[in-house]
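Quick notes on the structure that follows.
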Amino acid sequence: MRLSRYFLPILREPPREAEIVSHRLMLRAGMIRQESAGIYAWLPMGLRVLNKISAIVREEQNRSGAIELLMPTIQSADLWRESGRYEAYGKEMLRIEDRHEREMLFGPTNEEMITEIFRAYVRSYRDLPLNLYHIQWKFRDEVRPRFGVMRSREFLMKDAYSFDLDQEGARHSYNKMFAAYLRTFNRLGLTAIPMRADTGPIGGDLSHEFIILASTGESEVFCDKAILDLPVPPADTNFDDAAGLQAIFDAYTTPYAATSEMHDAAAFAQVPSERQVSARGIEVGHIFYFGTKYSAPMKALVAGPDGQERPVHMGSYGIGPSRLVAALIEASHDEAGIVWPDAIAPFNVALLSLKPGDSAVDAACETLYRALSARGVDVLYDDREERPGAKFATADLIGAPWQVLVGPKSLAEGKVELKRRATGERTLASIEDAVAQLT
Ligand SMILES: Nc1ncnc2c1ncn2[C@@H]1O[C@H](COS(=O)(=O)NC(=O)[C@@H](N)CS)[C@@H](O)[C@H]1O
């Protein structure tokens, strides 16, 4: 992408309204724009990151055997009356009336709707286990949306829902998602700690939040440092191996880890003091087992091997891709701006022409731009008529993992300069070597 033809509304001044660094940087780097309280437009560069995060979430859901579909954002109130949550959900629910005066709502979550879809088609235990998921916009009328997209009113969520014949099967489904979440956050360059959690309006009696440690996190967390050294389930994890997945769950839930709601100070005191971690964290995922809470009232029944009909055992599993954009910045930035992990960087390379109009520099930039793009590298080519200093500042702000600086002096020696954003390390290389190194 040539920056002179892109749409990247960088802000010169840090925005006053932003209280945390990710909100400040996302506004300054032209990633989002607030349209109303807690409701944002995702500008081109922010959307690139959001889509890359969603792609990794999708890959790991699919690897675990979950099947993607897409449910609507607008739901019927009658559906929520069946589960009894329509009144109970409270003021966070955005209630709408259509032109025929039908009561509708903007979905804050989809347990009722997925249960309705399931019961319409599935009657036999032979069709189980089943995990259906989507990545869809939600609306929760938060009384005090804040911190930009970290706690917004409209936000993107991956929500998966599992269906099993009994609690034992549901436990296996829960553990599949548990392992998939560990893999997902690891691939995003994050260390997410699973913590016993409260079940809240979703319900049920088994729930874990996945928290990443960040000083501006809203959650207060306490954990045994040992949890941070545990291995992440490998790409060839056998998701049909219930015992293997239970072992992963046990390994990650034996060391002490809890949010303040579930904190047991006496138990925490048993952790050797040098391993006690108390910090602030950001909840980036939350998984629940809630048995027949929705399938019983909504009559989502299957016939078991004995021919007896029974309500299915369910769980739901959420990840917040839009919150993750902000969480990643909280976890990875410096005083110059964002430092994107390679896996989800909006552009892998920022190519900076330090003297536009100089024929040798222009030619070298064109060669690099075409060669890298041809190899599938996402390049943002800063071809603007701007001083080098302004280009350095923009590249550092938007956080591409690599910068390639093309200037007349080094070019005269057949070299361009590579800078690794995260470390600041600089090396000189020929154009060919630079292309090889960045591919
Ligand atoms: N207001 C919000 N802004 C941004 N992300 C949010 C917001 N509320 C929740 N999330 C994200 O969505 C994830 C799941 O939300 S949740 O309420 O915990 N779980 C559910 O809604 C269940 N239906 C799981 S499918 C959270 O872990 C968080 O990452």
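Each chain in the structure tokens gets a letter, A, B and so on, in the order shown; residues start at 1 in every chain, and ligands are counted from 1 in the order they appear.
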Selection: 9 Å around Ser124 (chain A), only C-alpha atoms, excl. self and same-chain fewer than 4 positions, as a ChimeraX atom specification: /A:128,301-305,307,309
Test item, strand (DSSP E or B) assignment across region 137-328 of chain A, answer as JSON, numbers by chain: {"A": [137, 138, 139, 146, 151, 154, 155, 156, 157, 158, 159, 160, 161, 162, 163, 164, 192, 193, 194, 195, 196, 206, 207, 208, 209, 210, 211, 212, 213, 219, 220, 221, 222, 223, 224, 257, 258, 259, 276, 277, 278, 279, 280, 281, 282, 283, 284, 285, 286, 287, 288, 289, 290, 291, 301, 302, 303, 309, 310, 311, 313, 314, 315, 316, 317, 318, 319]}
Ligand 1 neighbours within 6 Å using only C-alpha atoms and all ligand atoms, as number ranges by chain: A: 109, 149-153, 155, 157, 159-160, 283-287, 316-320, 323
Which residue of A:Gly46, A:Gly107, A:Pro388, A:Pro255 approaches Met71 (chain A) most closely, using only C-alpha atoms: A:Gly107
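Using only C-alpha atoms, the nearest neighbour of Arg24 (chain A) within the list A:Glu335, A:Glu386, A:Glu101, A:Glu366 is A:Glu335.
You can rank A:Gln75, A:Ser64, A:Ser322, A:Ser54 by their closest distance to Leu182 (chain A) using only C-alpha atoms, and at the top of that list sits A:Ser64.
By only C-alpha atoms, and with residues fewer than 2 positions from Pro346 (chain A) along its chain excluded, the set lying at most 7 Å from it is Met45, Arg48, Val49, Ile344 and Asn348 of chain A.
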Surrounding residues of region 163-167 of chain A excluding itself and chain neighbours under 2 positions, 8 Å, only C-alpha atoms, as a count of residues only: 19
Closest of A:Ala197, A:Leu213, A:Ala179, A:Leu132 to Asn238 (chain A) - atom-to-atom distances counting only C-alpha atoms: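 Ranked by minimum distance to Asn238 (chain A), first place goes to A:Ala179.
Restricting the calculation to only C-alpha atoms, the smallest distance between Ala192 (chain A) and any of A:Glu97, A:Asp250, A:Glu209, A:Glu87 is found for A:Glu209.
Coordinates place CA of Val377 (chain A) at a distance of 25.8 Å from CA of Lys409 (chain A).
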Residue neighbourhood Leu245 (chain A), 8 Å, only C-alpha atoms, exclusion window fewer than 2 positions, as a list of chain:residue names: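 Close residues of Leu245 (chain A): A:His172, A:Asn175, A:Lys176, A:Ala179, A:Phe239, A:Asp241, A:Ala242, A:Ala243, A:Ala247, A:Ile248, A:Phe249.
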Residue among A:Val21, A:Ala88, A:Ala412, A:Ile53 lying closest to Leu190 (chain A), counting only C-alpha atoms: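 Closest residue, counting only C-alpha atoms: A:Ile53.
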Point-to-point distance from CA of Phe210 (chain A) to CA of Phe185 (chain A), Å rounded to tenths: 9.0 Å
All residues 10 Å or closer to region 271-274 of chain A, only C-alpha atoms, same chain fewer than 6 positions away omitted, as a ChimeraX atom specification: /A:223-226,255-256
Please produce a file of those selected residues containing N, CA and C atoms, as a PDB file, in the first residue's frame.
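again_31.pdb was written with the following content:
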```
ATOM      1  N   CYS A 223      -2.081 -14.940  41.063  1.00  0.00           N
ATOM      2  CA  CYS A 223      -1.781 -16.274  40.539  1.00  0.00           C
ATOM      3  C   CYS A 223      -0.388 -16.736  40.938  1.00  0.00           C
ATOM      4  N   ASP A 224      -0.179 -18.031  40.796  1.00  0.00           N
ATOM      5  CA  ASP A 224       1.112 -18.674  41.029  1.00  0.00           C
ATOM      6  C   ASP A 224       1.919 -18.536  39.735  1.00  0.00           C
ATOM      7  N   LYS A 225       3.098 -17.984  39.830  1.00  0.00           N
ATOM      8  CA  LYS A 225       3.949 -17.706  38.658  1.00  0.00           C
ATOM      9  C   LYS A 225       4.193 -18.986  37.839  1.00  0.00           C
ATOM     10  N   ALA A 226       4.093 -20.141  38.508  1.00  0.00           N
ATOM     11  CA  ALA A 226       4.370 -21.426  37.820  1.00  0.00           C
ATOM     12  C   ALA A 226       3.492 -21.579  36.575  1.00  0.00           C
ATOM     13  N   PRO A 255      -2.157 -24.825  39.650  1.00  0.00           N
ATOM     14  CA  PRO A 255      -1.526 -23.671  40.321  1.00  0.00           C
ATOM     15  C   PRO A 255      -2.599 -22.624  40.651  1.00  0.00           C
ATOM     16  N   TYR A 256      -2.406 -21.889  41.735  1.00  0.00           N
ATOM     17  CA  TYR A 256      -3.420 -20.910  42.132  1.00  0.00           C
ATOM     18  C   TYR A 256      -3.543 -19.814  41.076  1.00  0.00           C
TER      19      TYR A 256
END
```
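Of note, CA of Ala18 (chain A) and CA of Gly148 (chain A) are spaced 7.4 Å apart.
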